[in-house]
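With mmCIF, N, CA, C and O atoms inside, this is start_25.cif:
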```
data_target
#
loop_
_atom_site.label_atom_id
_atom_site.label_comp_id
_atom_site.auth_asym_id
_atom_site.auth_seq_id
_atom_site.Cartn_x
_atom_site.Cartn_y
_atom_site.Cartn_z
N MET A 1037 5.13 6.05 -13.00
CA MET A 1037 4.69 5.97 -11.62
C MET A 1037 3.88 7.21 -11.29
O MET A 1037 4.14 8.29 -11.79
N MET A 1038 2.92 7.04 -10.42
CA MET A 1038 2.05 8.16 -10.07
C MET A 1038 2.79 9.13 -9.16
O MET A 1038 3.54 8.72 -8.28
N LYS A 1039 2.59 10.41 -9.40
CA LYS A 1039 3.20 11.42 -8.55
C LYS A 1039 2.31 11.80 -7.40
O LYS A 1039 2.75 12.40 -6.44
N LYS A 1040 1.03 11.46 -7.49
CA LYS A 1040 0.08 11.86 -6.47
C LYS A 1040 -0.76 10.65 -6.06
O LYS A 1040 -1.12 9.83 -6.90
N ALA A 1041 -1.03 10.55 -4.79
CA ALA A 1041 -1.86 9.44 -4.30
C ALA A 1041 -3.29 9.61 -4.79
O ALA A 1041 -3.78 10.73 -4.92
N PRO A 1042 -3.99 8.51 -5.08
CA PRO A 1042 -5.38 8.63 -5.52
C PRO A 1042 -6.27 9.10 -4.37
O PRO A 1042 -5.95 8.94 -3.21
N LYS A 1043 -7.38 9.70 -4.73
CA LYS A 1043 -8.33 10.16 -3.72
C LYS A 1043 -9.02 8.96 -3.11
O LYS A 1043 -9.81 8.28 -3.76
N LEU A 1044 -8.69 8.68 -1.89
CA LEU A 1044 -9.22 7.50 -1.23
C LEU A 1044 -10.59 7.73 -0.61
O LEU A 1044 -11.27 6.79 -0.25
N LYS A 1045 -10.99 8.98 -0.51
CA LYS A 1045 -12.27 9.29 0.11
C LYS A 1045 -13.41 8.62 -0.66
O LYS A 1045 -14.29 8.00 -0.07
N SER A 1046 -13.38 8.71 -1.97
CA SER A 1046 -14.45 8.10 -2.77
C SER A 1046 -14.38 6.58 -2.70
O SER A 1046 -15.41 5.91 -2.68
N ILE A 1047 -13.19 6.03 -2.65
CA ILE A 1047 -13.03 4.58 -2.55
C ILE A 1047 -13.58 4.08 -1.22
O ILE A 1047 -14.30 3.07 -1.17
N ILE A 1048 -13.28 4.78 -0.14
CA ILE A 1048 -13.77 4.38 1.17
C ILE A 1048 -15.29 4.45 1.23
O ILE A 1048 -15.95 3.55 1.75
N LYS A 1049 -15.85 5.50 0.66
CA LYS A 1049 -17.31 5.64 0.67
C LYS A 1049 -17.99 4.55 -0.15
O LYS A 1049 -19.06 4.07 0.22
N THR A 1050 -17.39 4.14 -1.25
CA THR A 1050 -18.02 3.10 -2.06
C THR A 1050 -17.89 1.72 -1.41
O THR A 1050 -18.76 0.87 -1.60
N LYS A 1051 -16.84 1.49 -0.64
CA LYS A 1051 -16.64 0.18 0.00
C LYS A 1051 -17.46 0.00 1.26
O LYS A 1051 -17.75 -1.12 1.65
N THR A 1052 -17.83 1.09 1.92
CA THR A 1052 -18.62 0.96 3.14
C THR A 1052 -20.09 0.78 2.80
O THR A 1052 -20.58 1.27 1.79
N LYS A 1053 -20.80 0.10 3.66
CA LYS A 1053 -22.22 -0.16 3.42
C LYS A 1053 -23.10 0.98 3.90
O LYS A 1053 -24.19 1.18 3.43
N ARG A 1054 -22.62 1.73 4.87
CA ARG A 1054 -23.41 2.86 5.35
C ARG A 1054 -22.64 4.15 5.11
O ARG A 1054 -21.47 4.14 4.79
N SER A 1055 -23.32 5.23 5.26
CA SER A 1055 -22.71 6.53 5.01
C SER A 1055 -21.65 6.82 6.07
O SER A 1055 -21.86 6.64 7.26
N ILE A 1056 -20.50 7.26 5.63
CA ILE A 1056 -19.41 7.58 6.54
C ILE A 1056 -18.84 8.94 6.15
O ILE A 1056 -18.71 9.25 4.97
N ASN A 1057 -18.60 9.75 7.14
CA ASN A 1057 -18.01 11.06 6.90
C ASN A 1057 -16.51 11.00 7.16
O ASN A 1057 -16.08 10.60 8.23
N VAL A 1058 -15.75 11.39 6.15
CA VAL A 1058 -14.30 11.43 6.27
C VAL A 1058 -13.88 12.89 6.17
O VAL A 1058 -14.08 13.52 5.13
N ARG A 1059 -13.33 13.40 7.24
CA ARG A 1059 -12.89 14.79 7.23
C ARG A 1059 -11.59 14.92 6.44
O ARG A 1059 -10.89 13.93 6.23
N PRO A 1060 -11.25 16.13 6.02
CA PRO A 1060 -10.03 16.33 5.22
C PRO A 1060 -8.75 15.89 5.94
O PRO A 1060 -7.85 15.34 5.30
N THR A 1061 -8.68 16.09 7.24
CA THR A 1061 -7.48 15.66 7.95
C THR A 1061 -7.39 14.14 7.99
O THR A 1061 -6.31 13.57 7.86
N SER A 1062 -8.54 13.48 8.15
CA SER A 1062 -8.55 12.01 8.13
C SER A 1062 -8.19 11.48 6.75
O SER A 1062 -7.48 10.49 6.62
N GLU A 1063 -8.67 12.16 5.73
CA GLU A 1063 -8.34 11.75 4.37
C GLU A 1063 -6.84 11.88 4.13
O GLU A 1063 -6.22 10.99 3.53
N ALA A 1064 -6.25 12.95 4.62
CA ALA A 1064 -4.81 13.14 4.48
C ALA A 1064 -4.05 12.05 5.21
O ALA A 1064 -3.05 11.52 4.71
N MET A 1065 -4.50 11.69 6.41
CA MET A 1065 -3.83 10.63 7.17
C MET A 1065 -3.94 9.29 6.46
O MET A 1065 -2.98 8.51 6.43
N ILE A 1066 -5.09 9.01 5.87
CA ILE A 1066 -5.28 7.75 5.13
C ILE A 1066 -4.33 7.70 3.94
O ILE A 1066 -3.68 6.68 3.68
N GLU A 1067 -4.22 8.81 3.21
CA GLU A 1067 -3.33 8.85 2.06
C GLU A 1067 -1.87 8.71 2.48
O GLU A 1067 -1.09 8.01 1.82
N LEU A 1068 -1.49 9.34 3.59
CA LEU A 1068 -0.12 9.22 4.06
C LEU A 1068 0.20 7.79 4.51
O LEU A 1068 1.29 7.28 4.24
N LEU A 1069 -0.74 7.15 5.18
CA LEU A 1069 -0.54 5.76 5.59
C LEU A 1069 -0.43 4.84 4.38
O LEU A 1069 0.37 3.90 4.37
N THR A 1070 -1.22 5.11 3.35
CA THR A 1070 -1.15 4.31 2.13
C THR A 1070 0.20 4.48 1.46
O THR A 1070 0.82 3.51 1.02
N LEU A 1071 0.68 5.72 1.37
CA LEU A 1071 1.98 5.97 0.76
C LEU A 1071 3.11 5.33 1.57
O LEU A 1071 4.05 4.78 1.01
N LEU A 1072 2.99 5.37 2.89
CA LEU A 1072 3.99 4.75 3.75
C LEU A 1072 4.01 3.24 3.55
O LEU A 1072 5.07 2.62 3.46
N PHE A 1073 2.82 2.63 3.45
CA PHE A 1073 2.73 1.19 3.22
C PHE A 1073 3.34 0.83 1.87
O PHE A 1073 4.10 -0.15 1.76
N LEU A 1074 3.00 1.58 0.83
CA LEU A 1074 3.53 1.29 -0.50
C LEU A 1074 5.04 1.47 -0.56
O LEU A 1074 5.75 0.71 -1.23
N SER A 1075 5.55 2.46 0.16
CA SER A 1075 6.99 2.69 0.21
C SER A 1075 7.71 1.52 0.89
O SER A 1075 8.72 1.03 0.38
N SER A 1076 7.17 1.06 2.01
CA SER A 1076 7.80 -0.06 2.69
C SER A 1076 7.66 -1.34 1.88
O SER A 1076 8.56 -2.18 1.86
N LEU A 1077 6.55 -1.49 1.16
CA LEU A 1077 6.37 -2.65 0.28
C LEU A 1077 7.41 -2.64 -0.83
O LEU A 1077 8.01 -3.68 -1.14
N ALA A 1078 7.67 -1.49 -1.40
CA ALA A 1078 8.68 -1.38 -2.46
C ALA A 1078 10.08 -1.69 -1.92
O ALA A 1078 10.87 -2.35 -2.59
N ASP A 1079 10.37 -1.20 -0.72
CA ASP A 1079 11.68 -1.48 -0.11
C ASP A 1079 11.87 -2.97 0.15
O ASP A 1079 12.94 -3.53 -0.13
N GLU A 1080 10.84 -3.62 0.67
CA GLU A 1080 10.93 -5.05 0.94
C GLU A 1080 11.04 -5.86 -0.36
O GLU A 1080 11.78 -6.84 -0.42
N ALA A 1081 10.31 -5.44 -1.38
CA ALA A 1081 10.38 -6.13 -2.67
C ALA A 1081 11.76 -5.95 -3.30
O ALA A 1081 12.30 -6.88 -3.92
N LYS A 1082 12.34 -4.79 -3.11
CA LYS A 1082 13.69 -4.54 -3.62
C LYS A 1082 14.70 -5.43 -2.91
O LYS A 1082 15.58 -6.01 -3.54
N ALA A 1083 14.54 -5.57 -1.60
CA ALA A 1083 15.44 -6.45 -0.84
C ALA A 1083 15.26 -7.90 -1.26
O ALA A 1083 16.24 -8.65 -1.38
N ARG A 1084 14.02 -8.30 -1.51
CA ARG A 1084 13.74 -9.68 -1.95
C ARG A 1084 14.37 -9.94 -3.31
O ARG A 1084 14.94 -11.01 -3.55
N ALA A 1085 14.27 -8.98 -4.22
CA ALA A 1085 14.88 -9.13 -5.54
C ALA A 1085 16.40 -9.20 -5.43
O ALA A 1085 17.05 -9.96 -6.14
N PHE A 1086 16.96 -8.42 -4.53
CA PHE A 1086 18.41 -8.43 -4.33
C PHE A 1086 18.87 -9.77 -3.78
O PHE A 1086 19.94 -10.27 -4.16
N GLU A 1087 18.06 -10.37 -2.89
CA GLU A 1087 18.39 -11.69 -2.34
C GLU A 1087 18.44 -12.75 -3.43
O GLU A 1087 19.26 -13.67 -3.38
N GLU A 1088 17.55 -12.63 -4.41
CA GLU A 1088 17.50 -13.58 -5.50
C GLU A 1088 18.43 -13.19 -6.65
O GLU A 1088 18.36 -13.79 -7.73
N LYS A 1089 19.26 -12.19 -6.43
CA LYS A 1089 20.23 -11.70 -7.41
C LYS A 1089 19.57 -11.28 -8.72
O LYS A 1089 20.04 -11.56 -9.80
N SER A 1090 18.46 -10.58 -8.58
CA SER A 1090 17.74 -10.06 -9.72
C SER A 1090 17.93 -8.55 -9.76
O SER A 1090 17.89 -7.88 -8.73
N ALA A 1091 18.12 -8.03 -10.96
CA ALA A 1091 18.34 -6.59 -11.11
C ALA A 1091 17.04 -5.80 -11.10
O ALA A 1091 17.04 -4.61 -10.79
N THR A 1092 15.93 -6.47 -11.41
CA THR A 1092 14.65 -5.78 -11.46
C THR A 1092 13.68 -6.41 -10.46
O THR A 1092 13.77 -7.59 -10.14
N ILE A 1093 12.75 -5.59 -10.01
CA ILE A 1093 11.70 -6.07 -9.11
C ILE A 1093 10.57 -6.59 -10.00
O ILE A 1093 9.99 -5.85 -10.79
N ARG A 1094 10.26 -7.87 -9.83
CA ARG A 1094 9.21 -8.49 -10.64
C ARG A 1094 7.97 -8.70 -9.78
O ARG A 1094 7.98 -8.53 -8.57
N ALA A 1095 6.91 -9.11 -10.44
CA ALA A 1095 5.62 -9.27 -9.77
C ALA A 1095 5.68 -10.32 -8.67
O ALA A 1095 5.08 -10.15 -7.60
N HIS A 1096 6.43 -11.41 -8.89
CA HIS A 1096 6.47 -12.45 -7.87
C HIS A 1096 7.23 -11.99 -6.62
O HIS A 1096 6.96 -12.47 -5.53
N HIS A 1097 8.14 -11.03 -6.76
CA HIS A 1097 8.80 -10.46 -5.59
C HIS A 1097 7.80 -9.68 -4.75
O HIS A 1097 7.75 -9.80 -3.52
N VAL A 1098 6.98 -8.88 -5.42
CA VAL A 1098 5.99 -8.05 -4.72
C VAL A 1098 4.94 -8.93 -4.06
O VAL A 1098 4.55 -8.70 -2.91
N ARG A 1099 4.48 -9.97 -4.77
CA ARG A 1099 3.47 -10.87 -4.21
C ARG A 1099 3.98 -11.59 -2.97
O ARG A 1099 3.26 -11.74 -1.98
N ALA A 1100 5.22 -12.05 -3.02
CA ALA A 1100 5.79 -12.77 -1.88
C ALA A 1100 5.92 -11.86 -0.66
O ALA A 1100 5.66 -12.28 0.47
N VAL A 1101 6.30 -10.63 -0.88
CA VAL A 1101 6.48 -9.69 0.22
C VAL A 1101 5.14 -9.15 0.70
O VAL A 1101 4.97 -8.87 1.89
N ALA A 1102 4.17 -9.03 -0.20
CA ALA A 1102 2.88 -8.45 0.16
C ALA A 1102 2.17 -9.28 1.21
O ALA A 1102 1.53 -8.73 2.11
N LYS A 1103 2.28 -10.60 1.13
CA LYS A 1103 1.64 -11.44 2.13
C LYS A 1103 2.18 -11.15 3.53
O LYS A 1103 1.42 -10.99 4.49
N LYS A 1104 3.50 -11.04 3.64
CA LYS A 1104 4.11 -10.74 4.94
C LYS A 1104 3.75 -9.34 5.42
O LYS A 1104 3.44 -9.14 6.60
N MET A 1105 3.76 -8.38 4.51
CA MET A 1105 3.47 -7.00 4.88
C MET A 1105 2.02 -6.84 5.34
O MET A 1105 1.75 -6.11 6.29
N LEU A 1106 1.09 -7.50 4.68
CA LEU A 1106 -0.31 -7.39 5.07
C LEU A 1106 -0.55 -8.04 6.43
O LEU A 1106 -1.31 -7.52 7.24
N LYS A 1107 0.12 -9.16 6.69
CA LYS A 1107 -0.01 -9.79 8.00
C LYS A 1107 0.55 -8.88 9.08
O LYS A 1107 -0.02 -8.76 10.16
N LYS A 1108 1.66 -8.23 8.79
CA LYS A 1108 2.28 -7.33 9.75
C LYS A 1108 1.41 -6.09 9.97
O LYS A 1108 1.30 -5.59 11.10
N ALA A 1109 0.77 -5.62 8.92
CA ALA A 1109 -0.08 -4.42 9.03
C ALA A 1109 -1.35 -4.70 9.82
O ALA A 1109 -1.86 -3.81 10.51
N ARG A 1110 -1.85 -5.92 9.74
CA ARG A 1110 -3.06 -6.26 10.49
C ARG A 1110 -2.80 -6.38 11.98
O ARG A 1110 -3.68 -6.17 12.79
N GLY A 1111 -1.60 -6.73 12.33
CA GLY A 1111 -1.26 -6.79 13.75
C GLY A 1111 -1.07 -8.16 14.30
O GLY A 1111 -1.17 -9.18 13.80
#
```
In structure tokens, write the structure found in this file.
Amino acid sequence: MMKKAPKLKSIIKTKTKRSINVRPTSEAMIELLTLLFLSSLADEAKARAFEEKSATIRAHHVRAVAKKMLKKARG
């Protein structure tokens, strides 16, 4: 597992069509929000695996939970 979040600044710049300036504080907030989302996704996947009496978290657990989490994140 990664110990450090990836640099999202370059990813954001490549995905946008026009030039966008991301300040260091904004970059830190984006990385923290990403880590928070991934942490909650892992917790929900763990709960889903526990409901199905599985000892390990498998890909289908994460996929099932990811749909709900993304809908919740969008608002």
- With only C-alpha atoms as the atoms that count, which of A:Met1105, A:Ile1066, A:Leu1077, A:Arg1110 lies nearest to Ile1093 (chain A)?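 That would be A:Leu1077, the residue with the smallest distance to Ile1093 (chain A).
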- Between CA of Ser1076 (chain A) and CA of Thr1061 (chain A) - distance in Å to one decimal: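 Between CA of Thr1061 (chain A) and CA of Ser1076 (chain A) the gap works out to 22.5 Å.
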- Residues within 8 Å of Ala1102 (chain A), all atoms listed in the file, excluding chain neighbours under 5 positions, as number ranges by chain: A: 1077, 1080-1081, 1095-1097, 1107-1109
- Query: In chain A, what's helix (DSSP H, G or I) per DSSP? Answer as an MDAnalysis selection string?
  - Reply: chainID A and resid 1044:1051 1060:1087 1095:1110
- Item | Gap from atom O of Arg1094 (chain A) to atom O of Leu1068 (chain A) - Å, one decimal | 21.4 Å
- Choose the residue, out of A:Phe1086, A:Leu1074, A:Arg1054, A:Ala1091, that has the smallest atom-to-atom separation from Leu1106 (chain A); count only C-alpha atoms.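 Checking each candidate against Leu1106 (chain A), we get A:Leu1074 as the closest.
Of note, CA of Lys1082 (chain A) and CA of Lys1103 (chain A) are spaced 15.0 Å apart.
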